[in-house]
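Student: Shown below is the structure under consideration.
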Amino acid sequence: MGLETDKNSFGMILRRLREAAGLSQGDLASRSGLTGNGIGAIERGERRHPYPHTVRALADALKLSGGERDAFFASAPRRTSPSYEATPAAVSEEPAVDLPTTTLPVPPTPLVGREREVAAARSLLERDMTRLLTFTGPGGVGKTRLALEVVDGAKDDFADGVAFVALTSLNDASLVLSTTFRALGLQEEAGRSVRETLTEYLGGKRMLLVLDNFEHVMEAATDVAELLAACPRLVVLVTSRAALRIRGERDYPVYPLAVPDPSRSPDVQTVAASPAARLFTSHAGQANPSFGLSGNNAASVAAICWRLDGLPLALELAAAKSRFLGLTELLSHLDLALEAGGARDLPERQRTMHATLDWSYDLLSDAEKSLFRRLSVFAGGFGLGAVEDVGGAGDVDAEDALGLLGSLVEQSLVVAEPDALEGIRYRMLETIRQYALEKLEQGGEVDNARGRHAGYYLALAERVGRDLTGPRMVEWLDRMEAERDNLRAAISWALSNEREELSVRMVYLLRRFFWSLGPHGEVRSWMEEALAGSAMGTLACAQAAYVSQLMRYRMGGGSLDWEPDDIAEILRTSGHVEGAADALLLAGAESLRTGDVEQAVKHLRESHDLYESAGDEQGSAQALVFLGGIPLAGGEIGRAEEYFGRGLRLARKSGNPLSMWVSLYHMGLAAQSKEEYGQAIRYYSEALAFGRQTRDRPNVALALVGLAECSVAQGEPTRAARLFGAADAVLLSVGISFQPLHASASHERHMDLTRQKLGQQAFDEAHAEGRGMTLDQTVEYAIGDAQS
């Protein structure tokens, strides 16, 4: 249809006023909260009966006043709608055509870091199949802000407009329909219910209805379902901390913003690429115009994002304090920053993180609150079995824990994530966990919950300990790595609460895990703290002393300050035969490192005999291999290879990757001693693969050094320098310097030879290239070239 020809029509009057104001249709739409298509339809005469609230919005946008405003209102045809009082002047033979309604709050700041979510949600709204889209997520994750951005870009797809309905202030679910009714500018009519009038109004309209903050009026979900059933072209977008759980609902979880990659150095480029850091720096810049991301503060910004789990509200509250706090001070006072008042125009429940979480907590049942509090003792995540054991206490039965956990997940207080080992693994965002822990402390439940937590992980250690010596070692290393933070929390609690024997028992059972993956210094400190604490039994003292020395040996410490025969005897007479053999193996290995052959032979033979009596093939393999190190040091390479060969056969039979590494590495040493460098490289490469499989970085470094030494001997000094550099980087990552297994090792001699062949500058350049490799790049370089 062309332009309206009647120059006194409402459409033509609107057009003249708009052009006189120098506004395009889009400008006027933006000012009035309507759509460009709607403005055009009025001006062309396609829509001649606008609602009164639409006329008011246009008059306000055009800044009309006085007589001009009165004339504009008088020119608007009156509607004949059941929701308005009809007058003779309002009757028209032409059916009323509704103007699109758009009532969206205008966000005060741009949306940061949600490009993918905006595109995905708009795509869902464009599909006719999606009629109920629910943004779910924890308080402060930005559901409302995301909804506004999505709707702003999608409003032109809804010919009859968009309406935003804020439900926060409601305390009665029965008021949801009437609140929606008022938000649409409708008026009640005698003899008709709000439901009837609302349903008739929305009837066949292509309209988008946004229901914001639905979680506390869940009983109204059936009202939404009935409205959708009665209005076939209506689309509803809901923001809620839990899904409505009605048919046809599309649940779209809104997650915290991605944080800087914790596996990479927090340089400016890495940090600036993360949405969480972009949001923080944007708001920090608003609070403090002199603030900017730089090489000096990138690590602090990354740490703040990690601590706050990328939760937008928490990041905004923290960034606001950069006006008067440096980032170092802010990082050390984050809890206080989150509890200080935020922007005055924020909803009351979002002025602080505490207020936001109070809102969610108050919606829980007593049983849900109890489990929510107890889950705060977990650090870094947990499985379902842990929930049943630790959470099933007080007014929560173990069999009820699953259902309650599901409810907490639905209400976005617990995150459920796919896990390769357990299927599903759960965790709390750290800000939420700290809140729950505060509630646990207020209820005087901390000691009970932490005691059950420590007991659960002690029982897990008892199940796992034996498997760490068998073919399932890698599987259990992965499982224990996932539980590292929980293990640390349980051990620290036990040490702080005079439960030293529990902490020692747990560490001792998992000693092979800590040997491979550390943290070696921290484990040693735990055991020394336990030995210095309240009186422990003889067995616990022996176990603590052994683990302490095991970590000291791994870190390259000096000679042992304990009597291995005494420790071994205590362990053996207490029924820990393999533990006694472990202690003697450690003593023999240390003697080999220091060149004390007599003590090495004594302890290693005793260790081997104990392993054999216990049927421990992987232990016997290691003892044999270390015994072979004695003739190797004396130049009896053939005899050494006999020991290494026997050890390798036992190691392969046991299937234990650590014993495989020990055997293959020593086979490489023997081949290298015979100047059979090709064979040595094959052994070292296979040992490197086993070291990588168990993520044992010191063992990876030893294999790399072996490969480097063979490379320089074969006339490849550049490759050797790179491998030496890569080995240094691997050891630096775990805070350990290079320590050869044998006193006769020739590491320094080969380093000097490499330096001589290349010259200092070329050596330094190649060495730096090796140091700059990631672990995966290092292994690919070392093994890939060896196999080519």
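Residues are referred to by chain and number: the chain letter is A, B, ... according to the order shown in the structure tokens, the number counts from 1 in that chain, and ligands are numbered separately from 1 in the order shown.
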Please return, as number ranges by chain, all residues of stretch 502-541 of chain A that DSSP assigns to alpha helix (DSSP H) on the basis of the backbone.

Tutor: A: 502-509, 511-517, 520-532, 538-541

Student: For the selection just defined, write its residues with N, CA, C and O atoms to a file, as a compact mmCIF listing (two decimals), in the first residue's frame.

Tutor:
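This is the output file result-v5.txt:
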```txt
# COMPACT_ATOMS: atom_id res chain seq x y z
N LEU A 502 45.01 -39.39 60.35
CA LEU A 502 44.15 -39.47 59.16
C LEU A 502 44.87 -38.88 57.96
O LEU A 502 44.86 -39.45 56.86
N SER A 503 45.51 -37.72 58.16
CA SER A 503 46.21 -37.08 57.04
C SER A 503 47.37 -37.94 56.56
O SER A 503 47.59 -38.09 55.35
N VAL A 504 48.12 -38.54 57.49
CA VAL A 504 49.25 -39.38 57.12
C VAL A 504 48.77 -40.61 56.37
O VAL A 504 49.35 -41.00 55.35
N ARG A 505 47.71 -41.22 56.86
CA ARG A 505 47.17 -42.42 56.22
C ARG A 505 46.76 -42.12 54.77
O ARG A 505 47.06 -42.89 53.85
N MET A 506 46.10 -41.00 54.58
CA MET A 506 45.63 -40.65 53.24
C MET A 506 46.81 -40.40 52.30
O MET A 506 46.83 -40.90 51.16
N VAL A 507 47.79 -39.64 52.77
CA VAL A 507 48.95 -39.34 51.93
C VAL A 507 49.74 -40.60 51.62
O VAL A 507 50.20 -40.82 50.49
N TYR A 508 49.91 -41.45 52.63
CA TYR A 508 50.69 -42.67 52.44
C TYR A 508 50.04 -43.58 51.40
O TYR A 508 50.71 -44.14 50.52
N LEU A 509 48.72 -43.73 51.48
CA LEU A 509 48.02 -44.56 50.51
C LEU A 509 48.14 -44.02 49.09
O LEU A 509 48.15 -44.78 48.12
N ARG A 511 50.73 -42.22 47.96
CA ARG A 511 52.10 -41.76 47.75
C ARG A 511 52.54 -41.85 46.30
O ARG A 511 53.32 -41.02 45.82
N ARG A 512 52.06 -42.85 45.57
CA ARG A 512 52.47 -42.98 44.16
C ARG A 512 51.83 -41.89 43.30
O ARG A 512 52.41 -41.46 42.31
N PHE A 513 50.64 -41.46 43.66
CA PHE A 513 50.02 -40.32 42.99
C PHE A 513 50.85 -39.06 43.23
O PHE A 513 51.18 -38.31 42.28
N PHE A 514 51.18 -38.80 44.49
CA PHE A 514 51.95 -37.60 44.80
C PHE A 514 53.37 -37.69 44.23
O PHE A 514 53.96 -36.67 43.87
N TRP A 515 53.95 -38.88 44.14
CA TRP A 515 55.26 -39.06 43.52
C TRP A 515 55.23 -38.60 42.07
O TRP A 515 56.11 -37.88 41.62
N SER A 516 54.19 -38.99 41.35
CA SER A 516 54.12 -38.65 39.93
C SER A 516 53.70 -37.20 39.70
O SER A 516 54.25 -36.52 38.83
N LEU A 517 52.72 -36.73 40.45
CA LEU A 517 52.09 -35.45 40.13
C LEU A 517 52.27 -34.37 41.18
O LEU A 517 51.80 -33.24 40.99
N HIS A 520 55.29 -31.87 45.41
CA HIS A 520 56.23 -32.58 46.27
C HIS A 520 56.58 -31.80 47.53
O HIS A 520 56.61 -32.36 48.63
N GLY A 521 56.83 -30.50 47.37
CA GLY A 521 57.17 -29.70 48.54
C GLY A 521 56.04 -29.60 49.53
O GLY A 521 56.25 -29.67 50.75
N GLU A 522 54.83 -29.45 49.04
CA GLU A 522 53.67 -29.33 49.93
C GLU A 522 53.42 -30.64 50.66
O GLU A 522 53.12 -30.65 51.86
N VAL A 523 53.56 -31.76 49.97
CA VAL A 523 53.36 -33.07 50.61
C VAL A 523 54.39 -33.27 51.72
O VAL A 523 54.06 -33.74 52.82
N ARG A 524 55.63 -32.91 51.43
CA ARG A 524 56.66 -33.05 52.45
C ARG A 524 56.34 -32.18 53.67
O ARG A 524 56.51 -32.61 54.82
N SER A 525 55.87 -30.96 53.42
CA SER A 525 55.51 -30.07 54.54
C SER A 525 54.38 -30.66 55.38
O SER A 525 54.38 -30.54 56.60
N TRP A 526 53.40 -31.28 54.71
CA TRP A 526 52.31 -31.92 55.45
C TRP A 526 52.85 -32.97 56.41
O TRP A 526 52.46 -33.03 57.57
N MET A 527 53.75 -33.81 55.90
CA MET A 527 54.25 -34.91 56.72
C MET A 527 55.13 -34.40 57.87
O MET A 527 55.08 -34.92 58.99
N GLU A 528 55.88 -33.35 57.62
CA GLU A 528 56.69 -32.79 58.69
C GLU A 528 55.82 -32.13 59.74
O GLU A 528 56.12 -32.19 60.95
N GLU A 529 54.74 -31.51 59.31
CA GLU A 529 53.78 -30.93 60.26
C GLU A 529 53.13 -32.02 61.11
O GLU A 529 52.95 -31.86 62.31
N ALA A 530 52.79 -33.14 60.46
CA ALA A 530 52.19 -34.25 61.21
C ALA A 530 53.18 -34.80 62.23
O ALA A 530 52.80 -35.09 63.38
N LEU A 531 54.44 -34.95 61.86
CA LEU A 531 55.44 -35.48 62.79
C LEU A 531 55.70 -34.54 63.96
O LEU A 531 56.04 -34.97 65.06
N ALA A 532 55.50 -33.25 63.72
CA ALA A 532 55.75 -32.27 64.78
C ALA A 532 54.52 -32.03 65.65
O ALA A 532 54.60 -31.31 66.66
N THR A 538 53.36 -45.42 66.29
CA THR A 538 54.63 -45.72 65.63
C THR A 538 54.46 -45.92 64.14
O THR A 538 55.28 -45.45 63.34
N LEU A 539 53.40 -46.62 63.72
CA LEU A 539 53.19 -46.88 62.30
C LEU A 539 52.99 -45.57 61.54
O LEU A 539 53.60 -45.37 60.48
N ALA A 540 52.15 -44.68 62.06
CA ALA A 540 51.90 -43.40 61.37
C ALA A 540 53.18 -42.59 61.28
O ALA A 540 53.44 -41.95 60.25
N CYS A 541 54.00 -42.60 62.33
CA CYS A 541 55.27 -41.87 62.29
C CYS A 541 56.18 -42.44 61.21
O CYS A 541 56.85 -41.70 60.47
```

Student: List the neighbours of A:Val377 out to 8 Å using only C-alpha atoms; skip same-chain residues closer than 6 positions along the sequence, and give me the result as a PyMOL selection string.

Tutor: chain A and resi 437+449-450+453

Student: Quick one: distance from atom CA of A:Arg374 to atom CA of A:Met480 in Å, one decimal?

Tutor: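 For atom CA of A:Arg374 relative to atom CA of A:Met480, the distance reads 21.5 Å.
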
Student: Do you know which residues are at most 12 Å from stretch 26-38 of chain A counting only C-alpha atoms, after dropping those on the same chain fewer than 3 positions away, and could you put them as a VMD selection string?

Tutor: chain A and resid 11 14 to 15 17 to 23 41 to 50 53 to 63 97 to 106 151 to 164

Student: Identify, on the basis of only C-alpha atoms, every residue whose closest approach to A:Arg116 does not exceed 12 Å; exclude the query and any residue fewer than 3 positions from it along the same chain; express the result as a PyMOL selection string.

Tutor: chain A and resi 111-113+119-123+146+149-150+254-255+257-258+275

Student: Find the residue from A:Arg69, A:Arg755, A:Arg195, A:Arg245 that sits nearest to A:Arg719; use only C-alpha atoms when measuring.

Tutor: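 Under the stated criterion, the closest residue is A:Arg755.
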
Student: Which residue is closest to A:Trp359? Choose from A:Pro138, A:Gly455, A:Pro262, A:Gly295 and count only C-alpha atoms.

Tutor: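 Smallest distance to A:Trp359 is found for A:Pro138.
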
Student: Among stretch 359-521 of chain A, which ones does DSSP place in strand (DSSP E), written as a ChimeraX atom specification?

Tutor: /A:415-419,423-427

Student: Quick one, how far is atom CA of A:Lys653 from atom CA of A:Arg639?

Tutor: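 Rounded to one decimal, the two atoms are 21.8 Å apart.
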
Student: Which residue gives the smallest distance to A:Trp476 among A:Arg323, A:Arg771, A:Arg241, A:Arg463, with only C-alpha atoms counted?

Tutor: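 Closest to A:Trp476 of all the choices is A:Arg463.
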
Student: Could you work out how far atom CA of A:Gln549 lies from atom CA of A:Glu569, giving the answer in Å with one decimal?

Tutor: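 Computed distance, atom CA of A:Glu569 to atom CA of A:Gln549, equals 16.3 Å.
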
Student: So, counting only C-alpha atoms, which residue among A:Glu417, A:Asp212, A:Glu68, A:Glu716 is closest to A:Ile13?

Tutor: A:Glu68

Student: Pick out the residues sitting within 9 Å of A:Arg452, and hand them over as a tab-separated table (two decimals) with C-alpha atoms, in the first residue's frame; count only C-alpha atoms, and ignore anything fewer than 3 positions along from it in its own chain.

Tutor:
```tsv
chain	number	residue	atom	x	y	z
A	389	ASP	CA	28.26	-39.77	51.65
A	390	VAL	CA	29.00	-36.21	52.73
A	391	GLY	CA	25.63	-34.59	52.09
A	447	ASP	CA	33.34	-29.79	61.74
A	448	ASN	CA	30.77	-32.48	61.09
A	449	ALA	CA	30.68	-31.80	57.35
A	455	GLY	CA	36.41	-39.66	55.83
A	456	TYR	CA	35.06	-40.05	52.32
A	457	TYR	CA	38.41	-39.23	50.72
```

Student: At a cut-off of 9 Å, using only C-alpha atoms, what residues contact A:Asp609? Leave out same-chain residues fewer than 5 positions from it and give the result as a ChimeraX atom specification.

Tutor: /A:581,604,614,620

Student: Output the selection as a tab-separated table (two decimals), in the first residue's frame - N, CA, C and O atoms for each residue.

Tutor:
```
chain	number	residue	atom	x	y	z
A	581	ALA	N	59.23	-52.71	51.55
A	581	ALA	CA	60.04	-52.83	50.34
A	581	ALA	C	60.22	-51.48	49.67
A	581	ALA	O	61.30	-51.16	49.16
A	604	LEU	N	68.74	-52.70	48.17
A	604	LEU	CA	68.01	-53.11	46.96
A	604	LEU	C	67.74	-54.61	46.97
A	604	LEU	O	66.66	-55.05	46.54
A	614	ALA	N	55.78	-60.73	48.45
A	614	ALA	CA	54.42	-60.17	48.39
A	614	ALA	C	53.79	-60.37	47.02
A	614	ALA	O	52.62	-60.01	46.82
A	620	SER	N	59.21	-55.59	42.16
A	620	SER	CA	60.37	-56.44	41.87
A	620	SER	C	61.11	-55.92	40.64
A	620	SER	O	62.35	-55.91	40.60
```

Student: Which residues are near A:Ala535? Cut-off 10 Å, only C-alpha atoms, ignore same chain within fewer than 6 positions. Put them as an MDAnalysis selection string.

Tutor: chainID A and resid 498 500:501 541

Student: Include N, CA and C atoms and write out the residues we just selected as a PDB file, in the first residue's frame.

Tutor:
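Saved as out_39.pdb:
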```pdb
ATOM      1  N   GLU A 498      43.968 -31.807  64.798  1.00  0.00           N
ATOM      2  CA  GLU A 498      44.595 -32.882  65.568  1.00  0.00           C
ATOM      3  C   GLU A 498      44.169 -34.263  65.068  1.00  0.00           C
ATOM      4  N   GLU A 500      46.110 -35.904  62.786  1.00  0.00           N
ATOM      5  CA  GLU A 500      47.313 -36.126  61.987  1.00  0.00           C
ATOM      6  C   GLU A 500      47.366 -37.522  61.381  1.00  0.00           C
ATOM      7  N   GLU A 501      46.942 -38.522  62.138  1.00  0.00           N
ATOM      8  CA  GLU A 501      47.033 -39.893  61.618  1.00  0.00           C
ATOM      9  C   GLU A 501      46.156 -40.079  60.387  1.00  0.00           C
ATOM     10  N   CYS A 541      53.995 -42.602  62.327  1.00  0.00           N
ATOM     11  CA  CYS A 541      55.266 -41.869  62.287  1.00  0.00           C
ATOM     12  C   CYS A 541      56.183 -42.440  61.208  1.00  0.00           C
TER      13      CYS A 541
END
```

Student: Using only C-alpha atoms, which of A:Lys369, A:Arg131, A:Arg233, A:Arg427 sits nearest A:Val387?

Tutor: A:Arg427
